[in-house]
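Enquirer: Sending over a structure as structure tokens; questions will come in a sec.
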Amino acid sequence: MNESGAGAAAPMSREGIDHALRDLRAEQEKISTALLDLEGHDGTRLLKGARLAGDTWRRWEDARAEIAMVWRLYDAYQKVLDAAAELRDRHQRPGAAVLVELTGLLAGESVEVPDGEIPLERRTLLGASQKRITLAEAVSRMSAGYARAAEVIAAADTAWTALLVPLEDIEETWRETARLAQGLDGSRHPELDRLGRELSALGQAARTDPLSLVRDGQVDTGRLHRLREALEALRGSLAEAVRLRDGYEERLAEVTASIADVEEAETRAREARTTATLKIESARLPEPPALGTGLRHRLAGLETLRRAGRWAELAARVAELDRATDAALEQARDNLRLSTGLLDRRGELRGRLDAYKAKAGRLGFAEDERLAELYGKARELLWTSPCDLRRATAALAEYQRAIKARESGTEPGR
């Protein structure tokens, strides 16, 4: 053991030797525990059991080499500690020579670096030139190798944790969607097939090369989310197609009734426009379109799809018809509001005129000629067809100002 470089350090005292041995044994236990924990880590087991590819395979190969190096160096490190402990046990009162030897083991370059860790420039045709390092240097090297391997294992474990459970859920969603599609008409569904191919490729990457899906230290689950959304939307549309097939007559009756509502609203809008055009001057109201007719033609076209059993396409057409019907109904109601709004405005002005007349009477101005003249002007405008709303509004405002002036005694000329 004297070849261990014992002379490189001043001899330690017996107490120093014992203290160093206790500390090194405690450190050895920690290293051993950490290495065993790394071996038993879920990420390590997954990496060992998986058929890896791509970046994950390359990084795991490097990590395996690091782990193997750490274990070989640990063995060499442990041998030195065991030798030092055995030497110390044999000499209860160690002399100077034994203290020198123990110092060399504990503080000198006593750990033989395994052959695989010797740099190329230190090797010869006859083999690797042996290199020795201190126990502290061995711990430093083991720590660095452990950290590099642990980083890969933790990254893979984090990626699999983020990917595999959602992936399995999405795969189950795809299977449920496929069963719906198969039970609907038995034919292939192009969009479902496309999503299936994309899911298969993503599943292959997630299971064999999870690190390829890590970006800037974060697991990229964007493709999974997009696939889930697309599949859930497709499953929803297929489920709607099944509901449509199972309750087609009732659904058809609902759509028919909605179109009837559109036609009724359009009729009322046309009638209100005719009335407003007759009773309101310069109404300038748009001609309400007859969208209900086109909707009925689209409704009739659904029968062809129903007879062919093309329920998925039929469900999409019904959904489109629903949206078109809702939009047409809203447009008809808007047109109705435009026409009735003008008539309502005329009614509002008439009511306000009567209210101001009553107010004038309460104030004792019922016989006032000026107010009577202004009232008559406004009334004539409001009760004449077609009614000029702009002029009637101005006349009512003038009547209102005159009453206010009489009430406050500020009328000009008085």
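By convention in this document, the chains of the structure tokens carry letters A, B, ... by their order, each chain's residues are numbered from 1, and ligands are numbered from 1 in the order they are shown.
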Could you please write out, as an MDAnalysis selection string, every residue of segment 113-297 of chain A that DSSP assigns to strand (DSSP E or B)?
Expert: chainID A and resid 123:124 127:128 132:133 214:215 218:219 280
Enquirer: Using only C-alpha atoms, which residues of segment 223-246 of chain A come within 12 Å of segment 187-193 of chain A, and what is the closest atom pair for each, with the distance in Å to one decimal? Give it as CSV, sorted by chain and residue number.
Expert:
```
residue,atom,partner,partner_atom,distance
A:Leu227,CA,A:Leu192,CA,10.8
A:Ala230,CA,A:Leu192,CA,9.4
A:Leu231,CA,A:Leu192,CA,7.8
A:Glu232,CA,A:Leu192,CA,11.0
A:Ala233,CA,A:Leu192,CA,11.0
A:Leu234,CA,A:Leu192,CA,7.7
A:Arg235,CA,A:Leu192,CA,9.3
A:Ser237,CA,A:Leu192,CA,11.7
A:Leu238,CA,A:His189,CA,10.4
```
Enquirer: Using atom CA of Asp55 of chain A and atom CA of Thr208 of chain A as the two end points, give the distance in Å to one decimal.
Expert: 9.6 Å
Enquirer: Can you pull out the residues contacting Arg141 of chain A? Cut-off 12 Å, using only C-alpha atoms, and skip same-chain residues under 6 positions away; I want them as a list in words.
Expert: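 After dropping sequence-adjacent residues, the list is Ile31, Glu66, Ile67, Met69, Val70, Trp71, Arg72, Leu73, Tyr74, Tyr77, Val111, Val113, Glu117, Ile133, Thr134, Leu135, Ala147 and Arg148 of chain A.
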Enquirer: Just want the 8 Å neighbourhood of segment 158-167 of chain A, counted on only C-alpha atoms, with same-chain residues fewer than 4 positions away dropped. Output as a ChimeraX atom specification.
Expert: /A:154,171,203,206-207,210-211,213-214,219,221,224
Enquirer: Output all heavy atoms for every residue in that selection, as a PDB file, in the first residue's frame.
Expert:
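Resulting contents of part34.pdb:
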```pdb
ATOM      1  N   ALA A 154     -34.243  11.996 -14.458  1.00  0.00           N
ATOM      2  CA  ALA A 154     -35.318  12.868 -13.975  1.00  0.00           C
ATOM      3  C   ALA A 154     -36.069  13.502 -15.138  1.00  0.00           C
ATOM      4  O   ALA A 154     -37.299  13.618 -15.109  1.00  0.00           O
ATOM      5  CB  ALA A 154     -34.747  13.945 -13.061  1.00  0.00           C
ATOM      6  N   GLU A 171     -55.954   8.108 -26.247  1.00  0.00           N
ATOM      7  CA  GLU A 171     -56.103   6.863 -27.017  1.00  0.00           C
ATOM      8  C   GLU A 171     -57.445   6.209 -26.734  1.00  0.00           C
ATOM      9  O   GLU A 171     -58.088   5.665 -27.638  1.00  0.00           O
ATOM     10  CB  GLU A 171     -54.935   5.927 -26.691  1.00  0.00           C
ATOM     11  CG  GLU A 171     -53.616   6.384 -27.291  1.00  0.00           C
ATOM     12  CD  GLU A 171     -52.427   5.591 -26.784  1.00  0.00           C
ATOM     13  OE1 GLU A 171     -52.531   4.968 -25.708  1.00  0.00           O
ATOM     14  OE2 GLU A 171     -51.384   5.590 -27.460  1.00  0.00           O
ATOM     15  N   GLY A 203     -47.757   8.910 -29.978  1.00  0.00           N
ATOM     16  CA  GLY A 203     -47.604   7.872 -28.964  1.00  0.00           C
ATOM     17  C   GLY A 203     -46.256   7.195 -29.062  1.00  0.00           C
ATOM     18  O   GLY A 203     -45.618   6.902 -28.041  1.00  0.00           O
ATOM     19  N   ALA A 206     -43.730   9.609 -27.648  1.00  0.00           N
ATOM     20  CA  ALA A 206     -43.855   9.749 -26.195  1.00  0.00           C
ATOM     21  C   ALA A 206     -43.310   8.533 -25.469  1.00  0.00           C
ATOM     22  O   ALA A 206     -42.716   8.659 -24.398  1.00  0.00           O
ATOM     23  CB  ALA A 206     -45.313   9.984 -25.817  1.00  0.00           C
ATOM     24  N   ARG A 207     -43.506   7.349 -26.034  1.00  0.00           N
ATOM     25  CA  ARG A 207     -43.099   6.120 -25.347  1.00  0.00           C
ATOM     26  C   ARG A 207     -41.635   5.774 -25.576  1.00  0.00           C
ATOM     27  O   ARG A 207     -40.997   5.193 -24.696  1.00  0.00           O
ATOM     28  CB  ARG A 207     -43.995   4.969 -25.784  1.00  0.00           C
ATOM     29  CG  ARG A 207     -45.424   5.086 -25.272  1.00  0.00           C
ATOM     30  CD  ARG A 207     -46.259   3.862 -25.612  1.00  0.00           C
ATOM     31  NE  ARG A 207     -47.543   3.921 -24.927  1.00  0.00           N
ATOM     32  CZ  ARG A 207     -48.667   4.399 -25.451  1.00  0.00           C
ATOM     33  NH1 ARG A 207     -48.651   4.858 -26.702  1.00  0.00           N
ATOM     34  NH2 ARG A 207     -49.787   4.426 -24.757  1.00  0.00           N
ATOM     35  N   PRO A 210     -39.257  10.273 -25.229  1.00  0.00           N
ATOM     36  CA  PRO A 210     -39.961  11.375 -24.543  1.00  0.00           C
ATOM     37  C   PRO A 210     -39.163  12.668 -24.494  1.00  0.00           C
ATOM     38  O   PRO A 210     -39.738  13.748 -24.500  1.00  0.00           O
ATOM     39  CB  PRO A 210     -40.212  10.817 -23.143  1.00  0.00           C
ATOM     40  CG  PRO A 210     -39.157   9.774 -22.956  1.00  0.00           C
ATOM     41  CD  PRO A 210     -38.980   9.153 -24.314  1.00  0.00           C
ATOM     42  N   LEU A 211     -37.836  12.565 -24.467  1.00  0.00           N
ATOM     43  CA  LEU A 211     -37.024  13.779 -24.381  1.00  0.00           C
ATOM     44  C   LEU A 211     -37.084  14.599 -25.658  1.00  0.00           C
ATOM     45  O   LEU A 211     -36.731  15.784 -25.652  1.00  0.00           O
ATOM     46  CB  LEU A 211     -35.574  13.418 -24.039  1.00  0.00           C
ATOM     47  CG  LEU A 211     -35.376  12.764 -22.655  1.00  0.00           C
ATOM     48  CD1 LEU A 211     -33.904  12.481 -22.408  1.00  0.00           C
ATOM     49  CD2 LEU A 211     -35.933  13.657 -21.555  1.00  0.00           C
ATOM     50  N   LEU A 213     -39.694  15.561 -26.853  1.00  0.00           N
ATOM     51  CA  LEU A 213     -40.855  16.423 -26.660  1.00  0.00           C
ATOM     52  C   LEU A 213     -40.629  17.434 -25.546  1.00  0.00           C
ATOM     53  O   LEU A 213     -41.573  18.042 -25.052  1.00  0.00           O
ATOM     54  CB  LEU A 213     -42.087  15.568 -26.351  1.00  0.00           C
ATOM     55  CG  LEU A 213     -42.478  14.565 -27.458  1.00  0.00           C
ATOM     56  CD1 LEU A 213     -43.612  13.670 -26.982  1.00  0.00           C
ATOM     57  CD2 LEU A 213     -42.876  15.300 -28.722  1.00  0.00           C
ATOM     58  N   VAL A 214     -39.377  17.603 -25.138  1.00  0.00           N
ATOM     59  CA  VAL A 214     -39.035  18.590 -24.119  1.00  0.00           C
ATOM     60  C   VAL A 214     -38.429  19.804 -24.803  1.00  0.00           C
ATOM     61  O   VAL A 214     -37.506  19.670 -25.612  1.00  0.00           O
ATOM     62  CB  VAL A 214     -38.051  18.003 -23.089  1.00  0.00           C
ATOM     63  CG1 VAL A 214     -37.624  19.064 -22.086  1.00  0.00           C
ATOM     64  CG2 VAL A 214     -38.684  16.816 -22.368  1.00  0.00           C
ATOM     65  N   VAL A 219     -41.945  20.141 -20.769  1.00  0.00           N
ATOM     66  CA  VAL A 219     -42.536  19.108 -21.626  1.00  0.00           C
ATOM     67  C   VAL A 219     -43.591  19.762 -22.520  1.00  0.00           C
ATOM     68  O   VAL A 219     -44.509  20.425 -22.045  1.00  0.00           O
ATOM     69  CB  VAL A 219     -43.185  17.993 -20.783  1.00  0.00           C
ATOM     70  CG1 VAL A 219     -43.717  16.890 -21.694  1.00  0.00           C
ATOM     71  CG2 VAL A 219     -42.177  17.421 -19.798  1.00  0.00           C
ATOM     72  N   THR A 221     -46.684  19.627 -24.332  1.00  0.00           N
ATOM     73  CA  THR A 221     -47.911  18.833 -24.433  1.00  0.00           C
ATOM     74  C   THR A 221     -48.912  19.470 -25.392  1.00  0.00           C
ATOM     75  O   THR A 221     -50.070  19.082 -25.421  1.00  0.00           O
ATOM     76  CB  THR A 221     -48.557  18.679 -23.047  1.00  0.00           C
ATOM     77  OG1 THR A 221     -48.825  19.985 -22.505  1.00  0.00           O
ATOM     78  CG2 THR A 221     -47.648  17.912 -22.094  1.00  0.00           C
ATOM     79  N   LEU A 224     -50.616  17.063 -27.769  1.00  0.00           N
ATOM     80  CA  LEU A 224     -51.601  16.244 -27.058  1.00  0.00           C
ATOM     81  C   LEU A 224     -52.898  17.012 -26.849  1.00  0.00           C
ATOM     82  O   LEU A 224     -53.986  16.481 -27.068  1.00  0.00           O
ATOM     83  CB  LEU A 224     -51.035  15.816 -25.696  1.00  0.00           C
ATOM     84  CG  LEU A 224     -50.117  14.593 -25.667  1.00  0.00           C
ATOM     85  CD1 LEU A 224     -49.579  14.393 -24.259  1.00  0.00           C
ATOM     86  CD2 LEU A 224     -50.842  13.353 -26.130  1.00  0.00           C
TER      87      LEU A 224
END
```
Enquirer: DSSP on the backbone, then: every residue of segment 56-137 of chain A marked helix (DSSP H, G or I), written as a JSON list (two decimals) with N, CA and C atoms, in the first residue's frame.
Expert:
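Generated output (states19.json):
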```
[["chain", "number", "residue", "atom", "x", "y", "z"],
["A", 56, "THR", "N", -33.58, 10.40, -26.71],
["A", 56, "THR", "CA", -33.67, 9.70, -25.42],
["A", 56, "THR", "C", -32.72, 8.52, -25.38],
["A", 57, "TRP", "N", -32.67, 7.76, -26.47],
["A", 57, "TRP", "CA", -31.76, 6.60, -26.52],
["A", 57, "TRP", "C", -30.32, 7.08, -26.37],
["A", 58, "ARG", "N", -29.93, 8.11, -27.09],
["A", 58, "ARG", "CA", -28.54, 8.59, -27.02],
["A", 58, "ARG", "C", -28.20, 9.09, -25.61],
["A", 59, "ARG", "N", -29.09, 9.85, -25.03],
["A", 59, "ARG", "CA", -28.81, 10.40, -23.70],
["A", 59, "ARG", "C", -28.83, 9.30, -22.63],
["A", 60, "TRP", "N", -29.68, 8.29, -22.80],
["A", 60, "TRP", "CA", -29.70, 7.19, -21.83],
["A", 60, "TRP", "C", -28.43, 6.35, -21.95],
["A", 61, "GLU", "N", -27.94, 6.15, -23.17],
["A", 61, "GLU", "CA", -26.68, 5.43, -23.33],
["A", 61, "GLU", "C", -25.55, 6.17, -22.61],
["A", 62, "ASP", "N", -25.53, 7.48, -22.75],
["A", 62, "ASP", "CA", -24.51, 8.27, -22.03],
["A", 62, "ASP", "C", -24.70, 8.15, -20.52],
["A", 63, "ALA", "N", -25.96, 8.20, -20.08],
["A", 63, "ALA", "CA", -26.25, 8.11, -18.65],
["A", 63, "ALA", "C", -25.86, 6.74, -18.10],
["A", 64, "ARG", "N", -26.15, 5.68, -18.87],
["A", 64, "ARG", "CA", -25.75, 4.32, -18.43],
["A", 64, "ARG", "C", -24.24, 4.23, -18.28],
["A", 65, "ALA", "N", -23.52, 4.84, -19.21],
["A", 65, "ALA", "CA", -22.06, 4.83, -19.12],
["A", 65, "ALA", "C", -21.60, 5.59, -17.87],
["A", 66, "GLU", "N", -22.26, 6.70, -17.59],
["A", 66, "GLU", "CA", -21.92, 7.46, -16.38],
["A", 66, "GLU", "C", -22.17, 6.63, -15.13],
["A", 67, "ILE", "N", -23.33, 5.95, -15.09],
["A", 67, "ILE", "CA", -23.66, 5.14, -13.91],
["A", 67, "ILE", "C", -22.67, 4.00, -13.74],
["A", 68, "ALA", "N", -22.31, 3.36, -14.85],
["A", 68, "ALA", "CA", -21.33, 2.27, -14.77],
["A", 68, "ALA", "C", -19.98, 2.78, -14.26],
["A", 69, "MET", "N", -19.58, 3.97, -14.75],
["A", 69, "MET", "CA", -18.33, 4.57, -14.31],
["A", 69, "MET", "C", -18.37, 4.85, -12.81],
["A", 70, "VAL", "N", -19.51, 5.42, -12.37],
["A", 70, "VAL", "CA", -19.63, 5.76, -10.95],
["A", 70, "VAL", "C", -19.52, 4.50, -10.09],
["A", 71, "TRP", "N", -20.17, 3.40, -10.51],
["A", 71, "TRP", "CA", -20.10, 2.16, -9.73],
["A", 71, "TRP", "C", -18.68, 1.59, -9.71],
["A", 72, "ARG", "N", -17.98, 1.65, -10.85],
["A", 72, "ARG", "CA", -16.60, 1.14, -10.87],
["A", 72, "ARG", "C", -15.71, 1.99, -9.96],
["A", 73, "LEU", "N", -15.91, 3.30, -10.04],
["A", 73, "LEU", "CA", -15.10, 4.18, -9.20],
["A", 73, "LEU", "C", -15.48, 4.00, -7.73],
["A", 74, "TYR", "N", -16.75, 3.73, -7.48],
["A", 74, "TYR", "CA", -17.20, 3.49, -6.11],
["A", 74, "TYR", "C", -16.54, 2.22, -5.55],
["A", 75, "ASP", "N", -16.45, 1.20, -6.39],
["A", 75, "ASP", "CA", -15.78, -0.04, -5.93],
["A", 75, "ASP", "C", -14.34, 0.24, -5.55],
["A", 76, "ALA", "N", -13.64, 1.01, -6.40],
["A", 76, "ALA", "CA", -12.24, 1.32, -6.10],
["A", 76, "ALA", "C", -12.14, 2.17, -4.84],
["A", 77, "TYR", "N", -13.05, 3.10, -4.70],
["A", 77, "TYR", "CA", -13.11, 3.97, -3.52],
["A", 77, "TYR", "C", -13.37, 3.14, -2.26],
["A", 78, "GLN", "N", -14.32, 2.20, -2.37],
["A", 78, "GLN", "CA", -14.66, 1.37, -1.21],
["A", 78, "GLN", "C", -13.50, 0.48, -0.80],
["A", 79, "LYS", "N", -12.75, -0.03, -1.80],
["A", 79, "LYS", "CA", -11.60, -0.89, -1.48],
["A", 79, "LYS", "C", -10.56, -0.15, -0.64],
["A", 80, "VAL", "N", -10.36, 1.11, -1.00],
["A", 80, "VAL", "CA", -9.38, 1.89, -0.23],
["A", 80, "VAL", "C", -9.88, 2.10, 1.20],
["A", 81, "LEU", "N", -11.15, 2.43, 1.35],
["A", 81, "LEU", "CA", -11.70, 2.62, 2.69],
["A", 81, "LEU", "C", -11.63, 1.33, 3.50],
["A", 82, "ASP", "N", -11.97, 0.22, 2.84],
["A", 82, "ASP", "CA", -11.91, -1.06, 3.55],
["A", 82, "ASP", "C", -10.48, -1.39, 3.98],
["A", 83, "ALA", "N", -9.53, -1.11, 3.08],
["A", 83, "ALA", "CA", -8.12, -1.38, 3.42],
["A", 83, "ALA", "C", -7.67, -0.51, 4.59],
["A", 84, "ALA", "N", -8.08, 0.74, 4.58],
["A", 84, "ALA", "CA", -7.69, 1.64, 5.67],
["A", 84, "ALA", "C", -8.33, 1.20, 6.98],
["A", 85, "ALA", "N", -9.60, 0.81, 6.94],
["A", 85, "ALA", "CA", -10.27, 0.36, 8.15],
["A", 85, "ALA", "C", -9.65, -0.91, 8.68],
["A", 86, "GLU", "N", -9.29, -1.84, 7.77],
["A", 86, "GLU", "CA", -8.69, -3.11, 8.20],
["A", 86, "GLU", "C", -7.31, -2.88, 8.81],
["A", 87, "LEU", "N", -6.54, -1.95, 8.19],
["A", 87, "LEU", "CA", -5.22, -1.63, 8.71],
["A", 87, "LEU", "C", -5.32, -0.99, 10.10],
["A", 88, "ARG", "N", -6.29, -0.10, 10.24],
["A", 88, "ARG", "CA", -6.46, 0.56, 11.53],
["A", 88, "ARG", "C", -6.91, -0.44, 12.60],
["A", 89, "ASP", "N", -7.75, -1.40, 12.22],
["A", 89, "ASP", "CA", -8.22, -2.41, 13.19],
["A", 89, "ASP", "C", -7.07, -3.31, 13.65],
["A", 90, "ARG", "N", -6.09, -3.53, 12.80],
["A", 90, "ARG", "CA", -4.97, -4.41, 13.15],
["A", 90, "ARG", "C", -3.95, -3.73, 14.07],
["A", 96, "ALA", "N", 4.57, 5.13, 13.72],
["A", 96, "ALA", "CA", 4.74, 6.17, 12.71],
["A", 96, "ALA", "C", 4.54, 5.62, 11.31],
["A", 97, "ALA", "N", 5.09, 4.41, 11.06],
["A", 97, "ALA", "CA", 4.98, 3.83, 9.70],
["A", 97, "ALA", "C", 3.54, 3.56, 9.33],
["A", 98, "VAL", "N", 2.78, 3.05, 10.30],
["A", 98, "VAL", "CA", 1.36, 2.75, 10.02],
["A", 98, "VAL", "C", 0.58, 4.05, 9.81],
["A", 99, "LEU", "N", 0.88, 5.07, 10.60],
["A", 99, "LEU", "CA", 0.19, 6.36, 10.42],
["A", 99, "LEU", "C", 0.49, 6.95, 9.06],
["A", 100, "VAL", "N", 1.76, 6.79, 8.61],
["A", 100, "VAL", "CA", 2.10, 7.28, 7.26],
["A", 100, "VAL", "C", 1.29, 6.54, 6.22],
["A", 101, "GLU", "N", 1.21, 5.21, 6.41],
["A", 101, "GLU", "CA", 0.46, 4.42, 5.41],
["A", 101, "GLU", "C", -1.02, 4.77, 5.43],
["A", 102, "LEU", "N", -1.59, 4.92, 6.63],
["A", 102, "LEU", "CA", -3.01, 5.29, 6.73],
["A", 102, "LEU", "C", -3.25, 6.67, 6.14],
["A", 103, "THR", "N", -2.35, 7.60, 6.38],
["A", 103, "THR", "CA", -2.48, 8.95, 5.81],
["A", 103, "THR", "C", -2.46, 8.87, 4.28],
["A", 104, "GLY", "N", -1.59, 8.03, 3.75],
["A", 104, "GLY", "CA", -1.54, 7.87, 2.30],
["A", 104, "GLY", "C", -2.84, 7.35, 1.75],
["A", 105, "LEU", "N", -3.46, 6.40, 2.44],
["A", 105, "LEU", "CA", -4.73, 5.84, 1.99],
["A", 105, "LEU", "C", -5.85, 6.87, 2.06],
["A", 106, "LEU", "N", -5.92, 7.62, 3.14],
["A", 106, "LEU", "CA", -7.05, 8.51, 3.37],
["A", 106, "LEU", "C", -6.89, 9.88, 2.72],
["A", 107, "ALA", "N", -5.65, 10.36, 2.56],
["A", 107, "ALA", "CA", -5.44, 11.70, 2.02],
["A", 107, "ALA", "C", -4.63, 11.72, 0.75],
["A", 115, "ASP", "N", -9.93, 1.44, -15.70],
["A", 115, "ASP", "CA", -9.32, 1.60, -17.03],
["A", 115, "ASP", "C", -10.19, 2.43, -17.97],
["A", 116, "GLY", "N", -11.48, 2.21, -17.93],
["A", 116, "GLY", "CA", -12.36, 2.91, -18.87],
["A", 116, "GLY", "C", -12.38, 4.40, -18.65],
["A", 117, "GLU", "N", -11.87, 4.87, -17.51],
["A", 117, "GLU", "CA", -11.91, 6.30, -17.22],
["A", 117, "GLU", "C", -10.56, 6.97, -17.45],
["A", 120, "LEU", "N", -7.40, 9.06, -23.19],
["A", 120, "LEU", "CA", -6.68, 8.40, -24.27],
["A", 120, "LEU", "C", -5.20, 8.74, -24.23],
["A", 121, "GLU", "N", -4.86, 10.01, -23.91],
["A", 121, "GLU", "CA", -3.45, 10.41, -23.94],
["A", 121, "GLU", "C", -2.62, 9.71, -22.87],
["A", 122, "ARG", "N", -3.28, 9.11, -21.87],
["A", 122, "ARG", "CA", -2.56, 8.41, -20.80],
["A", 122, "ARG", "C", -2.41, 6.93, -21.09],
["A", 135, "LEU", "N", -9.29, 10.12, -2.42],
["A", 135, "LEU", "CA", -10.69, 9.79, -2.09],
["A", 135, "LEU", "C", -11.60, 10.98, -2.38],
["A", 136, "ALA", "N", -11.14, 12.20, -2.06],
["A", 136, "ALA", "CA", -11.96, 13.39, -2.30],
["A", 136, "ALA", "C", -12.19, 13.59, -3.79],
["A", 137, "GLU", "N", -11.13, 13.35, -4.59],
["A", 137, "GLU", "CA", -11.29, 13.49, -6.05],
["A", 137, "GLU", "C", -12.24, 12.42, -6.59]]
```
Enquirer: Applying 7 Å and only C-alpha atoms, which residues near segment 309-322 of chain A remain after dropping the ones on its own chain fewer than 3 positions away? List them as a ChimeraX atom specification.
Expert: /A:185,238,240-241,244-245,255,302,305-306,325-326
Enquirer: How far is it from atom CA of Glu367 of chain A to atom CA of Ala402 of chain A, in Å with one decimal?
Expert: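 Computing the Euclidean distance for atom CA of Glu367 of chain A and atom CA of Ala402 of chain A yields 13.8 Å.
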Enquirer: Give me the segment 292-321 of chain A side of the contact with segment 260-278 of chain A, cut-off 12 Å, one line per residue showing its nearest atom pair and distance in Å at one decimal, counting only C-alpha atoms, sorted by chain and residue number, as a Markdown table.
Expert:
```
| residue | atom | partner | partner_atom | distance |
| --- | --- | --- | --- | --- |
| A:Gly292 | CA | A:Glu263 | CA | 5.1 |
| A:Thr293 | CA | A:Glu263 | CA | 7.9 |
| A:Gly294 | CA | A:Glu263 | CA | 10.5 |
| A:Leu295 | CA | A:Val262 | CA | 9.1 |
| A:Arg296 | CA | A:Ala260 | CA | 9.0 |
| A:Leu299 | CA | A:Ala260 | CA | 11.7 |
```
Enquirer: May I have the residues from that selection written out with N, CA and C atoms, as a PDB file, in the first residue's frame?
Expert:
```pdb
ATOM      1  N   GLY A 292     -86.731  32.055 -45.335  1.00  0.00           N
ATOM      2  CA  GLY A 292     -87.436  30.825 -44.972  1.00  0.00           C
ATOM      3  C   GLY A 292     -87.599  29.878 -46.138  1.00  0.00           C
ATOM      4  N   THR A 293     -87.780  30.422 -47.332  1.00  0.00           N
ATOM      5  CA  THR A 293     -87.937  29.571 -48.522  1.00  0.00           C
ATOM      6  C   THR A 293     -86.678  28.747 -48.774  1.00  0.00           C
ATOM      7  N   GLY A 294     -85.518  29.409 -48.705  1.00  0.00           N
ATOM      8  CA  GLY A 294     -84.259  28.684 -48.908  1.00  0.00           C
ATOM      9  C   GLY A 294     -84.025  27.645 -47.833  1.00  0.00           C
ATOM     10  N   LEU A 295     -84.425  27.966 -46.613  1.00  0.00           N
ATOM     11  CA  LEU A 295     -84.259  27.003 -45.520  1.00  0.00           C
ATOM     12  C   LEU A 295     -85.116  25.772 -45.753  1.00  0.00           C
ATOM     13  N   ARG A 296     -86.298  25.954 -46.281  1.00  0.00           N
ATOM     14  CA  ARG A 296     -87.170  24.785 -46.571  1.00  0.00           C
ATOM     15  C   ARG A 296     -86.561  23.919 -47.664  1.00  0.00           C
ATOM     16  N   LEU A 299     -83.932  21.917 -46.022  1.00  0.00           N
ATOM     17  CA  LEU A 299     -84.563  20.880 -45.205  1.00  0.00           C
ATOM     18  C   LEU A 299     -84.971  19.687 -46.058  1.00  0.00           C
TER      19      LEU A 299
END
```
Enquirer: What does the structure give for the distance between atom CA of Gly183 of chain A and atom CA of Leu195 of chain A, in Å to one decimal?
Expert: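 Atom CA of Gly183 of chain A sits 18.5 Å away from atom CA of Leu195 of chain A.
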Enquirer: With 12 Å as the cut-off and only C-alpha atoms counted, what is the closest atom pair between each nearby residue of segment 140-175 of chain A and segment 24-30 of chain A? Distances in Å to one decimal, ordered by chain and number, as CSV.
Expert:
```
residue,atom,partner,partner_atom,distance
A:Ser140,CA,A:Glu27,CA,12.0
A:Met142,CA,A:Gln28,CA,11.3
A:Ser143,CA,A:Lys30,CA,11.4
```
Enquirer: Create the file for the chosen residues now, containing all heavy atoms and written as a CSV table (one decimal), in the first residue's frame.
Expert:
```
chain,number,residue,atom,x,y,z
A,140,SER,N,-15.7,13.6,-5.9
A,140,SER,CA,-16.0,14.6,-6.8
A,140,SER,C,-16.4,14.1,-8.2
A,140,SER,O,-17.4,14.5,-8.8
A,140,SER,CB,-14.9,15.6,-7.0
A,140,SER,OG,-15.2,16.6,-7.9
A,142,MET,N,-17.5,11.0,-8.8
A,142,MET,CA,-18.7,10.2,-8.7
A,142,MET,C,-19.9,11.2,-8.7
A,142,MET,O,-21.0,10.9,-9.3
A,142,MET,CB,-18.7,9.4,-7.5
A,142,MET,CG,-17.8,8.1,-7.6
A,142,MET,SD,-17.9,7.0,-6.2
A,142,MET,CE,-17.1,7.9,-4.9
A,143,SER,N,-19.8,12.3,-7.9
A,143,SER,CA,-20.9,13.3,-7.8
A,143,SER,C,-21.2,13.8,-9.2
A,143,SER,O,-22.4,14.0,-9.5
A,143,SER,CB,-20.5,14.4,-6.9
A,143,SER,OG,-20.3,13.9,-5.6
```
Enquirer: For segment 344-348 of chain A, work out the shell of residues within 10 Å, counting only C-alpha atoms and skipping chain neighbours fewer than 5 positions away, then give it as a list in words.
Expert: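 The filter keeps Lys279, Ile280, Arg337, Leu338, Ser339, Leu353, Leu382, Trp383, Cys387, Asp388, Leu389, Ala392 and Thr393 of chain A.
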Enquirer: Atoms to include: C-alpha atoms. Write the selected residues as a short mmCIF file (atom, residue, chain, number, x, y, z; two decimals), in the first residue's frame.
Expert:
```
data_model
loop_
_atom_site.label_atom_id
_atom_site.label_comp_id
_atom_site.auth_asym_id
_atom_site.auth_seq_id
_atom_site.Cartn_x
_atom_site.Cartn_y
_atom_site.Cartn_z
CA LYS A 279 -97.56 55.78 -41.80
CA ILE A 280 -94.02 57.15 -41.47
CA ARG A 337 -87.79 45.87 -34.74
CA LEU A 338 -86.72 48.46 -37.33
CA SER A 339 -90.27 48.86 -38.63
CA LEU A 353 -97.54 65.46 -26.37
CA LEU A 382 -98.13 63.30 -35.30
CA TRP A 383 -101.62 62.34 -36.46
CA CYS A 387 -95.87 61.13 -40.26
CA ASP A 388 -92.73 63.24 -40.55
CA LEU A 389 -91.01 62.10 -37.35
CA ALA A 392 -92.90 66.17 -35.27
CA THR A 393 -90.01 65.73 -32.82
#
```
Enquirer: Go through A:Ala181, A:Leu374, A:Ala53, A:Leu38 one by one, measure the shortest atom-to-atom distance of each to Ala205 of chain A using only C-alpha atoms, and give the residue with the smallest value.
Expert: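 Of the candidates, the smallest distance to Ala205 of chain A is held by A:Ala53.
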